[in-house]
Amino acid sequence: MKIRTGFGFDVHRLVEDRDLWLGGIKIEHTMGLLGHSDADVLIHAICDALLGAANMRDIGYHFPDTAGEFENIDSKILLKKTVALIATKGYTIGNIDATVCAERPKLKNHIPQMQQVLAEVMGIDADDVSIKATTTEKLGFTGREEGISAYAVVLISK
Ligand SMILES: [Zn+2]
């Protein structure tokens with residue numbers, strides 16, 4: 001058996017008049033993340049971690065933000081495509097551990113639903129999708145609520 005790890009990181013800017021999509025679900029908030037797709041920063045970090053683990057470049061390489069087909073696309077579709085991409089090399093997901101850095105909104109109560117939704121998209125057990133939320137103690141761009149960042153590590157095997 002071959003086991004590999006991967007790491008992903010992403011940032012999106014918070015702006016007014018955008019829906020906030022995070023971890024595959026829409027969350028009520030005064031601002032949303034700006035991006036070519038729905039800007040789901042957590043899903044993007046997970047996609048990059050999966051691609052990195054399989055040594056298959058990054059999310060921008062496969063789903064360029066200049067392509068009209070990906071405009072405002074639901075990032076769950078990108079995640080599903082990413083799982084299919086690593087499967088072409090024979091890899092399946094072991095587990096995922098992710099952290100979202102956001103000053104607001106409080107994510108604690110949304111995490112079980114995110115785990116459920118993302119696990120379903122990836123065809124894995126919800127117990128294999130860990131999502132953690134933290135603030136950055138009002139420091140930096142996340143602390144000033146200018147954006148949200150996300151980190152993810154994954155384990156894949158074949
Ligand atoms: Zn992104």
# chains A, B, ... in the order shown; residues from 1 in each chain; ligands from 1
>>> residues_around(residues="His110 in chain A", least_positions_apart="6", cutoff="10 Å", atoms="only C-alpha atoms", output="PyMOL selection string")
chain A and resi 22-23+25-27
>>> residues_near_ligand(ligand="ligand 1", cutoff="7 Å", atoms="only C-alpha atoms and all ligand atoms", output="list in words")
Asp10, Val11, His12, Gly35, Ala39, Asp40, Val41 and His44 of chain A
>>> closest_atom_pairs(of="range 1-69 of chain A", to="range 76-90 of chain A", cutoff="12 Å", atoms="only C-alpha atoms", output="tab-separated table")
residue	atom	partner	partner_atom	distance
A:Met1	CA	A:Gly90	CA	11.1
A:Lys2	CA	A:Gly90	CA	10.1
A:Ile3	CA	A:Gly90	CA	11.4
A:Arg4	CA	A:Ile86	CA	11.7
A:Gly6	CA	A:Ile86	CA	11.8
A:Trp21	CA	A:Lys76	CA	10.4
A:Leu22	CA	A:Lys76	CA	10.3
A:Gly23	CA	A:Lys76	CA	8.6
A:Gly24	CA	A:Lys76	CA	6.1
A:Ile25	CA	A:Lys76	CA	9.4
A:Lys26	CA	A:Lys76	CA	11.9
A:Ser37	CA	A:Leu78	CA	9.5
A:Asp38	CA	A:Lys76	CA	9.5
A:Ala39	CA	A:Lys76	CA	10.8
A:Asp40	CA	A:Lys76	CA	8.7
A:Val41	CA	A:Lys76	CA	11.3
A:Leu42	CA	A:Leu79	CA	10.5
A:Ile43	CA	A:Leu79	CA	6.7
A:His44	CA	A:Leu79	CA	7.8
A:Ala45	CA	A:Leu79	CA	10.1
A:Ile46	CA	A:Leu79	CA	7.9
A:Cys47	CA	A:Leu79	CA	5.9
A:Asp48	CA	A:Thr82	CA	8.8
A:Ala49	CA	A:Thr82	CA	10.1
A:Leu50	CA	A:Ile86	CA	7.3
A:Leu51	CA	A:Ile86	CA	6.8
A:Gly52	CA	A:Ile86	CA	9.7
A:Ala53	CA	A:Ile86	CA	8.7
A:Ala54	CA	A:Ile86	CA	6.1
A:Asn55	CA	A:Ile86	CA	9.0
A:Met56	CA	A:Ile86	CA	7.7
A:Arg57	CA	A:Ile86	CA	11.0
A:Asp58	CA	A:Thr82	CA	9.8
A:Ile59	CA	A:Thr82	CA	8.3
A:Gly60	CA	A:Leu78	CA	10.8
A:Tyr61	CA	A:Thr82	CA	11.5
A:His62	CA	A:Thr82	CA	8.7
A:Phe63	CA	A:Leu78	CA	7.7
A:Pro64	CA	A:Leu78	CA	11.1
A:Glu69	CA	A:Leu78	CA	11.3
>>> residues_around(residues="Lys106 in chain A", least_positions_apart="2", cutoff="12 Å", atoms="only C-alpha atoms", output="list in words")
Leu22, Ile27, Glu28, His29, Val100, Cys101, Ala102, Glu103, Arg104, Lys108, Asn109, His110, Ile111, Lys132, Ala133, Thr134 and Thr135 of chain A
>>> write_last_selection(atoms="N, CA and C atoms", output="tab-separated table (two decimals), in the first residue's frame")
chain	number	residue	atom	x	y	z
A	22	LEU	N	-19.33	28.16	2.73
A	22	LEU	CA	-18.18	27.64	3.47
A	22	LEU	C	-18.44	26.17	3.79
A	27	ILE	N	-24.06	30.04	4.67
A	27	ILE	CA	-24.17	30.49	6.05
A	27	ILE	C	-24.64	31.94	6.08
A	28	GLU	N	-25.61	32.21	6.94
A	28	GLU	CA	-26.12	33.58	7.07
A	28	GLU	C	-25.03	34.49	7.63
A	29	HIS	N	-24.71	35.57	6.92
A	29	HIS	CA	-23.70	36.51	7.39
A	29	HIS	C	-23.90	37.82	6.64
A	100	VAL	N	-10.44	26.41	9.58
A	100	VAL	CA	-10.89	27.67	8.98
A	100	VAL	C	-10.57	28.79	9.96
A	101	CYS	N	-9.93	29.87	9.47
A	101	CYS	CA	-9.64	31.04	10.29
A	101	CYS	C	-10.59	32.16	9.93
A	102	ALA	N	-11.50	32.46	10.83
A	102	ALA	CA	-12.48	33.52	10.58
A	102	ALA	C	-12.82	34.20	11.90
A	103	GLU	N	-12.83	35.52	11.91
A	103	GLU	CA	-13.21	36.25	13.12
A	103	GLU	C	-14.72	36.09	13.36
A	104	ARG	N	-15.48	36.20	12.29
A	104	ARG	CA	-16.94	36.03	12.29
A	104	ARG	C	-17.33	35.38	10.98
A	108	LYS	N	-18.98	27.17	14.85
A	108	LYS	CA	-19.12	25.97	15.68
A	108	LYS	C	-20.37	25.15	15.35
A	109	ASN	N	-21.52	25.82	15.29
A	109	ASN	CA	-22.77	25.09	15.09
A	109	ASN	C	-22.98	24.61	13.66
A	110	HIS	N	-22.16	25.10	12.72
A	110	HIS	CA	-22.31	24.71	11.31
A	110	HIS	C	-21.43	23.52	10.94
A	111	ILE	N	-20.45	23.22	11.80
A	111	ILE	CA	-19.44	22.23	11.44
A	111	ILE	C	-20.01	20.82	11.18
A	132	LYS	N	-12.14	22.25	11.82
A	132	LYS	CA	-11.97	23.05	13.02
A	132	LYS	C	-12.06	24.53	12.65
A	133	ALA	N	-12.52	25.32	13.60
A	133	ALA	CA	-12.64	26.76	13.35
A	133	ALA	C	-11.87	27.51	14.42
A	134	THR	N	-11.20	28.58	13.99
A	134	THR	CA	-10.51	29.41	14.95
A	134	THR	C	-10.58	30.87	14.51
A	135	THR	N	-10.39	31.78	15.44
A	135	THR	CA	-10.20	33.18	15.07
A	135	THR	C	-8.69	33.41	15.08
>>> residues_around(residues="Glu16 in chain A", least_positions_apart="5", cutoff="10 Å", atoms="only C-alpha atoms", output="ChimeraX atom specification")
/A:29-34
>>> select_by_dssp(residues="range 20-141 of chain A", states="strand (DSSP E)", output="ChimeraX atom specification")
/A:20-22,25-27,32-34,92-101,129-134
>>> write_last_selection(atoms="C-alpha atoms", output="PDB file, in the first residue's frame")
ATOM      1  CA  LEU A  20     -21.123  33.182   2.286  1.00  0.00           C
ATOM      2  CA  TRP A  21     -20.424  29.615   1.156  1.00  0.00           C
ATOM      3  CA  LEU A  22     -18.184  27.641   3.470  1.00  0.00           C
ATOM      4  CA  ILE A  25     -23.114  25.110   2.880  1.00  0.00           C
ATOM      5  CA  LYS A  26     -24.545  28.622   2.766  1.00  0.00           C
ATOM      6  CA  ILE A  27     -24.170  30.495   6.054  1.00  0.00           C
ATOM      7  CA  GLY A  32     -19.587  36.769   1.636  1.00  0.00           C
ATOM      8  CA  LEU A  33     -16.383  35.564   0.039  1.00  0.00           C
ATOM      9  CA  LEU A  34     -15.325  37.045  -3.295  1.00  0.00           C
ATOM     10  CA  THR A  92      -8.710   7.073  -2.337  1.00  0.00           C
ATOM     11  CA  ILE A  93      -9.054   9.383   0.660  1.00  0.00           C
ATOM     12  CA  GLY A  94      -8.056   8.215   4.120  1.00  0.00           C
ATOM     13  CA  ASN A  95      -8.937  11.271   6.157  1.00  0.00           C
ATOM     14  CA  ILE A  96      -9.001  15.053   6.056  1.00  0.00           C
ATOM     15  CA  ASP A  97      -8.197  17.547   8.793  1.00  0.00           C
ATOM     16  CA  ALA A  98      -8.955  21.220   8.108  1.00  0.00           C
ATOM     17  CA  THR A  99      -8.933  24.536   9.945  1.00  0.00           C
ATOM     18  CA  VAL A 100     -10.889  27.667   8.984  1.00  0.00           C
ATOM     19  CA  CYS A 101      -9.636  31.036  10.294  1.00  0.00           C
ATOM     20  CA  VAL A 129     -13.656  14.749   7.691  1.00  0.00           C
ATOM     21  CA  SER A 130     -12.414  16.898  10.572  1.00  0.00           C
ATOM     22  CA  ILE A 131     -13.190  20.611  10.404  1.00  0.00           C
ATOM     23  CA  LYS A 132     -11.966  23.049  13.024  1.00  0.00           C
ATOM     24  CA  ALA A 133     -12.637  26.757  13.347  1.00  0.00           C
ATOM     25  CA  THR A 134     -10.508  29.413  14.951  1.00  0.00           C
TER      26      THR A 134
END
>>> select_by_dssp(residues="chain A", states="helix (DSSP H, G or I)", output="PyMOL selection string")
chain A and resi 41-53+59-62+68-70+75-87+108-122+126-128+140-143
>>> write_last_selection(atoms="C-alpha atoms", output="PDB file, in the first residue's frame")
ATOM      1  CA  VAL A  41     -12.273  28.754   0.799  1.00  0.00           C
ATOM      2  CA  LEU A  42     -12.500  25.556   2.859  1.00  0.00           C
ATOM      3  CA  ILE A  43     -13.326  23.361  -0.129  1.00  0.00           C
ATOM      4  CA  HIS A  44     -10.527  24.988  -2.133  1.00  0.00           C
ATOM      5  CA  ALA A  45      -7.969  24.218   0.591  1.00  0.00           C
ATOM      6  CA  ILE A  46      -9.168  20.595   0.671  1.00  0.00           C
ATOM      7  CA  CYS A  47      -8.949  20.332  -3.145  1.00  0.00           C
ATOM      8  CA  ASP A  48      -5.374  21.654  -3.084  1.00  0.00           C
ATOM      9  CA  ALA A  49      -4.425  19.221  -0.322  1.00  0.00           C
ATOM     10  CA  LEU A  50      -5.855  16.290  -2.319  1.00  0.00           C
ATOM     11  CA  LEU A  51      -4.114  17.380  -5.520  1.00  0.00           C
ATOM     12  CA  GLY A  52      -0.883  17.957  -3.627  1.00  0.00           C
ATOM     13  CA  ALA A  53      -1.019  14.510  -2.052  1.00  0.00           C
ATOM     14  CA  ILE A  59      -6.798  23.849  -8.130  1.00  0.00           C
ATOM     15  CA  GLY A  60      -5.983  26.846 -10.356  1.00  0.00           C
ATOM     16  CA  TYR A  61      -4.225  24.523 -12.802  1.00  0.00           C
ATOM     17  CA  HIS A  62      -7.240  22.265 -13.250  1.00  0.00           C
ATOM     18  CA  GLY A  68     -16.252  30.816 -18.103  1.00  0.00           C
ATOM     19  CA  GLU A  69     -17.408  27.299 -17.217  1.00  0.00           C
ATOM     20  CA  PHE A  70     -16.219  27.794 -13.630  1.00  0.00           C
ATOM     21  CA  SER A  75     -17.198  24.402  -5.303  1.00  0.00           C
ATOM     22  CA  LYS A  76     -18.717  21.034  -4.374  1.00  0.00           C
ATOM     23  CA  ILE A  77     -18.558  20.270  -8.112  1.00  0.00           C
ATOM     24  CA  LEU A  78     -14.824  21.116  -8.104  1.00  0.00           C
ATOM     25  CA  LEU A  79     -14.331  18.873  -5.070  1.00  0.00           C
ATOM     26  CA  LYS A  80     -16.103  15.997  -6.781  1.00  0.00           C
ATOM     27  CA  LYS A  81     -13.942  16.506  -9.902  1.00  0.00           C
ATOM     28  CA  THR A  82     -10.820  16.603  -7.713  1.00  0.00           C
ATOM     29  CA  VAL A  83     -11.702  13.269  -6.068  1.00  0.00           C
ATOM     30  CA  ALA A  84     -12.162  11.847  -9.592  1.00  0.00           C
ATOM     31  CA  LEU A  85      -8.781  13.276 -10.638  1.00  0.00           C
ATOM     32  CA  ILE A  86      -6.840  11.591  -7.828  1.00  0.00           C
ATOM     33  CA  ALA A  87      -8.799   8.384  -8.539  1.00  0.00           C
ATOM     34  CA  LYS A 108     -19.124  25.973  15.681  1.00  0.00           C
ATOM     35  CA  ASN A 109     -22.773  25.092  15.091  1.00  0.00           C
ATOM     36  CA  HIS A 110     -22.308  24.707  11.313  1.00  0.00           C
ATOM     37  CA  ILE A 111     -19.439  22.225  11.437  1.00  0.00           C
ATOM     38  CA  PRO A 112     -21.469  18.965  11.717  1.00  0.00           C
ATOM     39  CA  GLN A 113     -23.450  19.899   8.594  1.00  0.00           C
ATOM     40  CA  MET A 114     -20.252  20.818   6.706  1.00  0.00           C
ATOM     41  CA  GLN A 115     -18.737  17.452   7.631  1.00  0.00           C
ATOM     42  CA  GLN A 116     -21.866  15.647   6.433  1.00  0.00           C
ATOM     43  CA  VAL A 117     -22.106  17.545   3.142  1.00  0.00           C
ATOM     44  CA  LEU A 118     -18.401  17.285   2.258  1.00  0.00           C
ATOM     45  CA  ALA A 119     -18.230  13.595   3.197  1.00  0.00           C
ATOM     46  CA  GLU A 120     -21.167  12.904   0.901  1.00  0.00           C
ATOM     47  CA  VAL A 121     -19.551  14.783  -2.017  1.00  0.00           C
ATOM     48  CA  MET A 122     -16.293  12.868  -1.557  1.00  0.00           C
ATOM     49  CA  ALA A 126     -18.207  11.956   7.893  1.00  0.00           C
ATOM     50  CA  ASP A 127     -15.934  10.695  10.671  1.00  0.00           C
ATOM     51  CA  ASP A 128     -13.025  11.018   8.214  1.00  0.00           C
ATOM     52  CA  GLY A 140      -4.123  40.233  10.620  1.00  0.00           C
ATOM     53  CA  PHE A 141      -6.523  40.256   7.660  1.00  0.00           C
ATOM     54  CA  THR A 142      -8.735  37.540   9.099  1.00  0.00           C
ATOM     55  CA  GLY A 143      -8.868  39.366  12.423  1.00  0.00           C
TER      56      GLY A 143
END
>>> closest_residue(among="A:Asp17, A:Lys138, A:Pro105, A:Tyr91", to="Leu155 in chain A", atoms="only C-alpha atoms")
A:Tyr91
>>> atom_distance(atom1="CA of Ser149 in chain A", atom2="CA of Gly8 in chain A")
10.7 Å
>>> atom_distance(atom1="CA of Gly147 in chain A", atom2="CA of Thr66 in chain A")
21.7 Å
